>>> print(open('model27.csv').read())   # CSV, C-alpha atoms
chain,number,residue,atom,x,y,z
A,1,SER,CA,143.7,82.5,148.8
A,2,SER,CA,141.1,80.1,150.3
A,3,ASN,CA,138.3,79.0,148.0
A,4,TYR,CA,136.3,76.4,149.8
A,5,GLY,CA,133.3,74.8,148.1
A,6,LYS,CA,133.9,76.3,144.7
A,7,THR,CA,132.4,74.6,141.7
A,8,LYS,CA,134.1,73.6,138.5
A,9,GLU,CA,132.3,76.4,136.7
A,10,ASN,CA,133.6,79.0,139.2
A,11,TYR,CA,137.1,77.8,138.6
A,12,SER,CA,136.7,78.3,134.8
A,13,ASN,CA,135.1,81.7,135.1
A,14,GLU,CA,137.5,83.1,137.7
A,15,LYS,CA,140.6,81.5,136.3
A,16,LEU,CA,141.9,80.5,139.7
A,17,TYR,CA,145.4,78.9,139.8
A,18,ARG,CA,145.7,78.2,143.6
A,19,ILE,CA,142.9,76.6,145.4
A,20,GLU,CA,142.8,75.5,149.1
A,21,LYS,CA,140.1,73.0,149.8
A,22,GLU,CA,138.8,70.9,152.7
A,23,ILE,CA,136.6,67.8,152.9
A,24,ASN,CA,135.3,65.7,155.7
A,25,PHE,CA,136.6,62.2,155.1
A,26,GLU,CA,135.7,59.5,157.6
A,27,GLY,CA,135.2,61.9,160.4
A,28,TYR,CA,138.4,64.0,159.9
A,29,GLU,CA,138.6,67.5,158.3
A,30,ARG,CA,141.2,67.0,155.5
A,31,HIS,CA,142.9,69.9,153.9
A,32,TYR,CA,144.8,70.2,150.6
A,33,LEU,CA,146.2,72.8,148.3
A,34,ILE,CA,146.0,72.6,144.5
A,35,ASN,CA,148.3,74.6,142.2
A,36,LEU,CA,147.4,74.8,138.5
A,37,PRO,CA,150.1,75.8,135.9
A,38,PRO,CA,149.9,79.1,134.1
A,39,ASP,CA,148.5,77.5,130.9
A,40,PHE,CA,146.0,75.3,132.6
A,41,TYR,CA,143.0,76.8,131.0
A,42,GLN,CA,144.4,76.4,127.5
A,43,LEU,CA,145.3,72.7,127.9
A,44,ASP,CA,143.6,69.4,128.2
A,45,SER,CA,144.7,66.2,129.8
A,46,LEU,CA,147.4,67.3,132.2
A,47,PRO,CA,149.7,65.3,134.4
A,48,LEU,CA,149.3,65.4,138.2
A,49,VAL,CA,152.0,65.2,140.9
A,50,ILE,CA,150.9,64.6,144.5
A,51,ALA,CA,153.5,65.7,147.0
A,52,LEU,CA,153.3,64.2,150.5
A,53,HIS,CA,155.0,66.1,153.3
A,54,GLY,CA,157.1,64.3,155.9
A,55,GLY,CA,156.1,63.5,159.5
A,56,GLY,CA,155.4,66.8,161.4
A,57,GLY,CA,155.1,68.8,158.2
A,58,LYS,CA,152.2,70.0,156.1
A,59,GLY,CA,151.3,70.7,152.5
A,60,ALA,CA,152.3,74.4,152.6
A,61,GLN,CA,155.6,73.5,154.2
A,62,CYS,CA,156.3,70.8,151.6
A,63,GLU,CA,155.6,73.4,148.8
A,64,LYS,CA,157.9,76.0,150.4
A,65,ASP,CA,160.8,73.7,151.3
A,66,TYR,CA,160.9,71.6,148.1
A,67,LYS,CA,160.1,74.2,145.4
A,68,LEU,CA,157.9,71.8,143.5
A,69,THR,CA,155.4,74.4,142.5
A,70,ASP,CA,158.1,76.2,140.5
A,71,ALA,CA,158.8,73.0,138.6
A,72,ALA,CA,155.1,72.3,138.0
A,73,ASN,CA,154.5,75.8,136.6
A,74,LYS,CA,157.5,75.6,134.4
A,75,ASN,CA,156.7,72.2,133.0
A,76,GLY,CA,152.9,72.4,132.8
A,77,TYR,CA,151.5,70.0,135.3
A,78,VAL,CA,149.1,70.2,138.2
A,79,ILE,CA,150.5,69.7,141.7
A,80,LEU,CA,148.5,68.7,144.8
A,81,TYR,CA,149.7,69.1,148.4
A,82,PRO,CA,147.4,67.2,150.8
A,83,ASN,CA,147.8,67.3,154.6
A,84,GLY,CA,148.1,64.3,156.9
A,85,VAL,CA,146.0,64.2,160.0
A,86,ARG,CA,147.0,66.1,163.1
A,87,GLY,CA,148.1,64.1,166.1
A,88,ASP,CA,146.8,64.5,169.6
A,89,GLY,CA,150.2,64.9,171.2
A,90,LEU,CA,152.0,68.0,172.5
A,91,PHE,CA,153.0,69.2,169.0
A,92,ARG,CA,149.9,67.9,167.2
A,93,ALA,CA,152.2,66.7,164.4
A,94,ARG,CA,150.7,65.7,161.0
A,95,THR,CA,151.5,62.2,159.8
A,96,TRP,CA,150.5,59.6,157.2
A,97,ASN,CA,149.5,56.1,158.0
A,98,ALA,CA,152.1,54.3,156.0
A,99,GLY,CA,151.9,51.0,157.9
A,100,THR,CA,154.2,50.8,160.9
A,101,CYS,CA,154.9,54.5,160.8
A,102,CYS,CA,154.0,57.1,161.9
A,103,GLU,CA,152.6,58.2,165.3
A,104,TYR,CA,148.9,59.2,165.4
A,105,ALA,CA,148.0,58.3,161.8
A,106,ALA,CA,149.3,54.7,162.2
A,107,GLU,CA,148.1,54.3,165.7
A,108,GLN,CA,144.5,55.4,164.8
A,109,ASN,CA,144.7,53.4,161.5
A,110,ILE,CA,143.7,56.5,159.5
A,111,ASN,CA,142.6,55.6,156.0
A,112,ASP,CA,145.1,57.8,154.1
A,113,VAL,CA,145.0,55.4,151.1
A,114,GLY,CA,141.2,56.1,150.8
A,115,PHE,CA,141.8,59.8,151.2
A,116,ILE,CA,144.4,60.0,148.5
A,117,SER,CA,142.4,57.7,146.2
A,118,LEU,CA,139.4,60.1,146.6
A,119,LEU,CA,141.6,63.1,145.8
A,120,ILE,CA,142.9,61.4,142.6
A,121,ASP,CA,139.3,60.8,141.5
A,122,GLU,CA,138.4,64.4,142.2
A,123,MET,CA,141.4,65.7,140.3
A,124,VAL,CA,140.7,63.6,137.2
A,125,LYS,CA,137.1,64.7,137.2
A,126,GLU,CA,137.4,68.4,138.0
A,127,TYR,CA,140.9,69.4,136.8
A,128,LYS,CA,141.4,67.8,133.4
A,129,ILE,CA,144.0,65.3,134.8
A,130,ASP,CA,145.1,62.5,132.6
A,131,SER,CA,144.4,59.4,134.7
A,132,LYS,CA,147.4,57.6,133.1
A,133,ARG,CA,149.8,60.3,134.3
A,134,VAL,CA,149.4,60.5,138.1
A,135,TYR,CA,152.6,60.6,140.0
A,136,ILE,CA,153.3,60.5,143.8
A,137,THR,CA,156.4,61.9,145.6
A,138,GLY,CA,157.0,62.3,149.3
A,139,MET,CA,159.7,63.0,151.9
A,140,SER,CA,160.4,60.6,154.8
A,141,ASN,CA,156.9,59.6,156.1
A,142,GLY,CA,155.5,61.0,152.8
A,143,ALA,CA,157.8,58.6,150.9
A,144,MET,CA,156.6,55.7,153.0
A,145,MET,CA,153.1,56.7,152.1
A,146,ALA,CA,154.0,56.8,148.4
A,147,TYR,CA,155.1,53.2,148.7
A,148,LYS,CA,151.9,52.2,150.5
A,149,LEU,CA,149.8,53.9,147.7
A,150,ALA,CA,151.8,52.0,145.0
A,151,CYS,CA,151.1,48.7,146.9
A,152,GLU,CA,147.4,49.3,147.4
A,153,ILE,CA,146.1,51.4,144.5
A,154,PRO,CA,148.6,50.7,141.7
A,155,TRP,CA,146.0,51.1,139.0
A,156,LYS,CA,145.6,54.8,139.9
A,157,ILE,CA,149.4,55.6,140.0
A,158,THR,CA,151.8,55.9,137.1
A,159,ALA,CA,155.0,56.0,139.1
A,160,ILE,CA,156.4,57.1,142.5
A,161,ALA,CA,159.5,59.0,143.5
A,162,PRO,CA,159.9,58.5,147.3
A,163,VAL,CA,162.7,60.5,149.0
A,164,SER,CA,164.4,59.2,152.1
A,165,GLY,CA,161.7,56.9,153.2
A,166,THR,CA,161.3,53.1,153.0
A,167,MET,CA,158.4,50.7,152.7
A,168,VAL,CA,156.9,50.0,156.1
A,169,THR,CA,153.6,48.5,155.1
A,170,THR,CA,152.0,46.1,157.5
A,171,ASN,CA,150.5,43.9,154.8
A,172,ILE,CA,152.6,42.1,152.2
A,173,CYS,CA,153.0,44.4,149.2
A,174,ASN,CA,151.6,42.3,146.2
A,175,PRO,CA,150.2,44.9,143.8
A,176,ILE,CA,148.1,43.7,140.8
A,177,GLN,CA,150.4,45.6,138.5
A,178,SER,CA,153.9,47.0,138.6
A,179,VAL,CA,154.6,50.7,139.5
A,180,PRO,CA,157.9,52.3,138.4
A,181,ILE,CA,159.9,53.7,141.3
A,182,LEU,CA,162.6,56.4,141.5
A,183,HIS,CA,164.0,56.1,145.0
A,184,ILE,CA,166.2,59.0,146.3
A,185,HIS,CA,167.9,58.7,149.7
A,186,SER,CA,170.5,60.8,151.4
A,187,VAL,CA,173.3,59.2,153.4
A,188,LYS,CA,173.0,62.2,155.7
A,189,TYR,CA,169.4,61.6,156.6
A,190,LYS,CA,169.3,60.2,160.1
A,191,LYS,CA,165.6,59.7,160.7
A,192,VAL,CA,165.5,56.9,158.0
A,193,PRO,CA,169.1,55.7,157.7
A,194,TYR,CA,170.5,55.0,154.3
A,195,ALA,CA,172.1,51.8,155.5
A,196,GLY,CA,168.9,50.6,157.3
A,197,GLY,CA,168.3,50.1,161.0
A,198,MET,CA,166.5,52.3,163.5
A,199,GLY,CA,166.4,56.1,162.9
>>> encode(input="model27.csv", output="structure tokens")
Amino acid sequence: SSNYGKTKENYSNEKLYRIEKEINFEGYERHYLINLPPDFYQLDSLPLVIALHGGGGKGAQCEKDYKLTDAANKNGYVILYPNGVRGDGLFRARTWNAGTCCEYAAEQNINDVGFISLLIDEMVKEYKIDSKRVYITGMSNGAMMAYKLACEIPWKITAIAPVSGTMVTTNICNPIQSVPILHIHSVKYKKVPYAGGMG
């Protein structure tokens, strides 16, 4: 269900476990879905996983296709599914500005690092998140965005697990601290080839 503009107190009183929210960030309406595990209200200091959809996807599709909510509920962590911005092309595809990719978000230099950074701050403040256990995963363009976040805000990220996406940052990646990486890549994925080159 949609619960826009709810306060922290309302979450506690109503014991909501799925919250859809939107904020205006730098002139764009940004949407995201939060899933709280079944024992959320009995626990303190939970881990957070932020799952980033691929180019042309969205948070709800990411959740449905990759079954990450089931794992989050089973293992007791909060999961967040943000949406990239919609493009202005024929399909209005959502993308992340990961650097040299992808489409509208990169072309318009959308501040996705600022958006995700703001969401991390909100989650730590409002949802009992342990700031030392914030993880990012993503598929394809979402994986590229995970790398960019690790480069630009490493102090907010514990580790990343990009899937079938490479680093495409336009600036040299020289983070002030290291970020552990679990990189997963399929040899069958043609959009970002395992062996490199153009997809």
>>> residues_around(input="model27.csv", residues="Gly76 in chain A", least_positions_apart="5", cutoff="12 Å", atoms="all atoms listed in the file", output="PyMOL selection string")
chain A and resi 35-49+68-71+129
>>> write_last_selection(input="model27.csv", atoms="C-alpha atoms", output="PDB file, keeping the file's coordinate frame")
ATOM      1  CA  ASN A  35     148.300  74.600 142.200  1.00  0.00           C
ATOM      2  CA  LEU A  36     147.400  74.800 138.500  1.00  0.00           C
ATOM      3  CA  PRO A  37     150.100  75.800 135.900  1.00  0.00           C
ATOM      4  CA  PRO A  38     149.900  79.100 134.100  1.00  0.00           C
ATOM      5  CA  ASP A  39     148.500  77.500 130.900  1.00  0.00           C
ATOM      6  CA  PHE A  40     146.000  75.300 132.600  1.00  0.00           C
ATOM      7  CA  TYR A  41     143.000  76.800 131.000  1.00  0.00           C
ATOM      8  CA  GLN A  42     144.400  76.400 127.500  1.00  0.00           C
ATOM      9  CA  LEU A  43     145.300  72.700 127.900  1.00  0.00           C
ATOM     10  CA  ASP A  44     143.600  69.400 128.200  1.00  0.00           C
ATOM     11  CA  SER A  45     144.700  66.200 129.800  1.00  0.00           C
ATOM     12  CA  LEU A  46     147.400  67.300 132.200  1.00  0.00           C
ATOM     13  CA  PRO A  47     149.700  65.300 134.400  1.00  0.00           C
ATOM     14  CA  LEU A  48     149.300  65.400 138.200  1.00  0.00           C
ATOM     15  CA  VAL A  49     152.000  65.200 140.900  1.00  0.00           C
ATOM     16  CA  LEU A  68     157.900  71.800 143.500  1.00  0.00           C
ATOM     17  CA  THR A  69     155.400  74.400 142.500  1.00  0.00           C
ATOM     18  CA  ASP A  70     158.100  76.200 140.500  1.00  0.00           C
ATOM     19  CA  ALA A  71     158.800  73.000 138.600  1.00  0.00           C
ATOM     20  CA  ILE A 129     144.000  65.300 134.800  1.00  0.00           C
TER      21      ILE A 129
END
>>> residues_around(input="model27.csv", residues="Leu119 in chain A", least_positions_apart="5", cutoff="10 Å", atoms="all atoms listed in the file", output="JSON, numbers by chain")
{"A": [23, 32, 50, 80, 82, 113, 114, 124, 125]}
>>> write_last_selection(input="model27.csv", atoms="C-alpha atoms", output="CSV table (one decimal), in the frame of the given file")
chain,number,residue,atom,x,y,z
A,23,ILE,CA,136.6,67.8,152.9
A,32,TYR,CA,144.8,70.2,150.6
A,50,ILE,CA,150.9,64.6,144.5
A,80,LEU,CA,148.5,68.7,144.8
A,82,PRO,CA,147.4,67.2,150.8
A,113,VAL,CA,145.0,55.4,151.1
A,114,GLY,CA,141.2,56.1,150.8
A,124,VAL,CA,140.7,63.6,137.2
A,125,LYS,CA,137.1,64.7,137.2
>>> residues_around(input="model27.csv", residues="Ala143 in chain A", least_positions_apart="2", cutoff="9 Å", atoms="all atoms listed in the file", output="ChimeraX atom specification")
/A:52-54,98,136-141,145-148,160-167,183
>>> write_last_selection(input="model27.csv", atoms="C-alpha atoms", output="mmCIF file, in the frame of the given file")
data_model
loop_
_atom_site.group_PDB
_atom_site.id
_atom_site.type_symbol
_atom_site.label_atom_id
_atom_site.label_comp_id
_atom_site.auth_asym_id
_atom_site.auth_seq_id
_atom_site.Cartn_x
_atom_site.Cartn_y
_atom_site.Cartn_z
ATOM 1 C CA LEU A 52 153.300 64.200 150.500
ATOM 2 C CA HIS A 53 155.000 66.100 153.300
ATOM 3 C CA GLY A 54 157.100 64.300 155.900
ATOM 4 C CA ALA A 98 152.100 54.300 156.000
ATOM 5 C CA ILE A 136 153.300 60.500 143.800
ATOM 6 C CA THR A 137 156.400 61.900 145.600
ATOM 7 C CA GLY A 138 157.000 62.300 149.300
ATOM 8 C CA MET A 139 159.700 63.000 151.900
ATOM 9 C CA SER A 140 160.400 60.600 154.800
ATOM 10 C CA ASN A 141 156.900 59.600 156.100
ATOM 11 C CA MET A 145 153.100 56.700 152.100
ATOM 12 C CA ALA A 146 154.000 56.800 148.400
ATOM 13 C CA TYR A 147 155.100 53.200 148.700
ATOM 14 C CA LYS A 148 151.900 52.200 150.500
ATOM 15 C CA ILE A 160 156.400 57.100 142.500
ATOM 16 C CA ALA A 161 159.500 59.000 143.500
ATOM 17 C CA PRO A 162 159.900 58.500 147.300
ATOM 18 C CA VAL A 163 162.700 60.500 149.000
ATOM 19 C CA SER A 164 164.400 59.200 152.100
ATOM 20 C CA GLY A 165 161.700 56.900 153.200
ATOM 21 C CA THR A 166 161.300 53.100 153.000
ATOM 22 C CA MET A 167 158.400 50.700 152.700
ATOM 23 C CA HIS A 183 164.000 56.100 145.000
#
>>> residues_around(input="model27.csv", residues="range 175-179 of chain A", least_positions_apart="3", cutoff="10 Å", atoms="all atoms listed in the file", output="PyMOL selection string")
chain A and resi 147+149-160+172
>>> residues_around(input="model27.csv", residues="Gly55 in chain A", least_positions_apart="3", cutoff="10 Å", atoms="all atoms listed in the file", output="PDB file with C-alpha atoms, in the frame of the given file")
ATOM      1  CA  LEU A  52     153.300  64.200 150.500  1.00  0.00           C
ATOM      2  CA  LYS A  58     152.200  70.000 156.100  1.00  0.00           C
ATOM      3  CA  GLY A  84     148.100  64.300 156.900  1.00  0.00           C
ATOM      4  CA  ALA A  93     152.200  66.700 164.400  1.00  0.00           C
ATOM      5  CA  ARG A  94     150.700  65.700 161.000  1.00  0.00           C
ATOM      6  CA  THR A  95     151.500  62.200 159.800  1.00  0.00           C
ATOM      7  CA  TRP A  96     150.500  59.600 157.200  1.00  0.00           C
ATOM      8  CA  CYS A 101     154.900  54.500 160.800  1.00  0.00           C
ATOM      9  CA  CYS A 102     154.000  57.100 161.900  1.00  0.00           C
ATOM     10  CA  GLU A 103     152.600  58.200 165.300  1.00  0.00           C
ATOM     11  CA  ALA A 105     148.000  58.300 161.800  1.00  0.00           C
ATOM     12  CA  MET A 139     159.700  63.000 151.900  1.00  0.00           C
ATOM     13  CA  SER A 140     160.400  60.600 154.800  1.00  0.00           C
ATOM     14  CA  ASN A 141     156.900  59.600 156.100  1.00  0.00           C
ATOM     15  CA  GLY A 142     155.500  61.000 152.800  1.00  0.00           C
TER      16      GLY A 142
END
>>> atom_distance(input="model27.csv", atom1="CA of Ile120 in chain A", atom2="CA of Ile79 in chain A")
11.3 Å
>>> atom_distance(input="model27.csv", atom1="CA of Glu63 in chain A", atom2="CA of Ala51 in chain A")
8.2 Å
>>> atom_distance(input="model27.csv", atom1="CA of Phe91 in chain A", atom2="CA of Ile184 in chain A")
28.2 Å
>>> closest_residue(input="model27.csv", among="A:Asn171, A:Tyr81, A:Glu29, A:Ala106", to="Lys67 in chain A", atoms="all atoms listed in the file")
A:Tyr81
>>> closest_residue(input="model27.csv", among="A:Asn111, A:Gly197, A:Val187, A:Val78", to="Tyr127 in chain A", atoms="only C-alpha atoms")
A:Val78
>>> build_atoms(input="model27.csv", residues="range 172-183 of chain A", atoms="all heavy atoms", output="compact mmCIF listing (two decimals), in the frame of the given file")
# COMPACT_ATOMS: atom_id res chain seq x y z
N ILE A 172 151.64 42.42 153.24
CA ILE A 172 152.60 42.10 152.20
C ILE A 172 152.20 42.92 150.95
O ILE A 172 151.04 42.98 150.56
CB ILE A 172 152.53 40.58 151.86
CG1 ILE A 172 153.06 39.79 153.06
CG2 ILE A 172 153.34 40.27 150.61
CD1 ILE A 172 152.87 38.30 152.93
N CYS A 173 153.21 43.55 150.35
CA CYS A 173 153.00 44.40 149.20
C CYS A 173 152.97 43.45 147.94
O CYS A 173 154.01 42.96 147.53
CB CYS A 173 154.04 45.44 149.02
SG CYS A 173 153.76 46.50 147.60
N ASN A 174 151.78 43.22 147.41
CA ASN A 174 151.60 42.30 146.20
C ASN A 174 150.67 43.01 145.27
O ASN A 174 149.55 42.56 145.09
CB ASN A 174 151.12 40.97 146.70
CG ASN A 174 151.16 39.96 145.59
OD1 ASN A 174 151.87 40.13 144.61
ND2 ASN A 174 150.37 38.90 145.72
N PRO A 175 151.11 44.11 144.64
CA PRO A 175 150.20 44.90 143.80
C PRO A 175 149.78 44.08 142.56
O PRO A 175 150.51 43.20 142.09
CB PRO A 175 151.02 46.11 143.42
CG PRO A 175 152.43 45.70 143.57
CD PRO A 175 152.46 44.68 144.67
N ILE A 176 148.61 44.42 142.02
CA ILE A 176 148.10 43.70 140.80
C ILE A 176 148.80 44.14 139.56
O ILE A 176 148.65 43.49 138.54
CB ILE A 176 146.57 43.90 140.70
CG1 ILE A 176 146.24 45.40 140.53
CG2 ILE A 176 145.83 43.33 141.90
CD1 ILE A 176 144.79 45.66 140.17
N GLN A 177 149.59 45.22 139.63
CA GLN A 177 150.40 45.60 138.50
C GLN A 177 151.63 46.35 139.01
O GLN A 177 151.66 46.82 140.14
CB GLN A 177 149.63 46.50 137.52
CG GLN A 177 149.20 47.82 138.09
CD GLN A 177 148.20 48.53 137.19
OE1 GLN A 177 147.11 48.02 136.92
NE2 GLN A 177 148.56 49.71 136.72
N SER A 178 152.66 46.41 138.19
CA SER A 178 153.90 47.00 138.60
C SER A 178 153.78 48.57 138.59
O SER A 178 153.00 49.12 137.82
CB SER A 178 155.06 46.60 137.75
OG SER A 178 154.84 46.98 136.41
N VAL A 179 154.55 49.21 139.44
CA VAL A 179 154.60 50.70 139.50
C VAL A 179 156.09 51.06 139.46
O VAL A 179 156.85 50.67 140.33
CB VAL A 179 153.96 51.22 140.79
CG1 VAL A 179 154.12 52.73 140.88
CG2 VAL A 179 152.49 50.83 140.87
N PRO A 180 156.51 51.83 138.45
CA PRO A 180 157.90 52.30 138.40
C PRO A 180 158.24 53.15 139.62
O PRO A 180 157.39 53.92 140.09
CB PRO A 180 157.98 53.10 137.11
CG PRO A 180 156.85 52.60 136.28
CD PRO A 180 155.76 52.24 137.26
N ILE A 181 159.48 53.03 140.09
CA ILE A 181 159.90 53.70 141.30
C ILE A 181 161.27 54.42 141.02
O ILE A 181 162.20 53.78 140.51
CB ILE A 181 160.11 52.77 142.48
CG1 ILE A 181 158.77 52.11 142.83
CG2 ILE A 181 160.68 53.50 143.70
CD1 ILE A 181 158.91 50.93 143.78
N LEU A 182 161.36 55.70 141.37
CA LEU A 182 162.60 56.40 141.50
C LEU A 182 162.85 56.67 142.93
O LEU A 182 162.15 57.51 143.51
CB LEU A 182 162.63 57.70 140.66
CG LEU A 182 163.83 58.63 140.90
CD1 LEU A 182 165.12 57.97 140.42
CD2 LEU A 182 163.61 59.97 140.23
N HIS A 183 163.77 55.95 143.57
CA HIS A 183 164.00 56.10 145.00
C HIS A 183 165.25 56.99 145.19
O HIS A 183 166.30 56.70 144.64
CB HIS A 183 164.21 54.77 145.70
CG HIS A 183 164.36 54.91 147.18
ND1 HIS A 183 163.31 54.73 148.05
CD2 HIS A 183 165.43 55.25 147.95
CE1 HIS A 183 163.73 54.93 149.29
NE2 HIS A 183 165.01 55.25 149.25
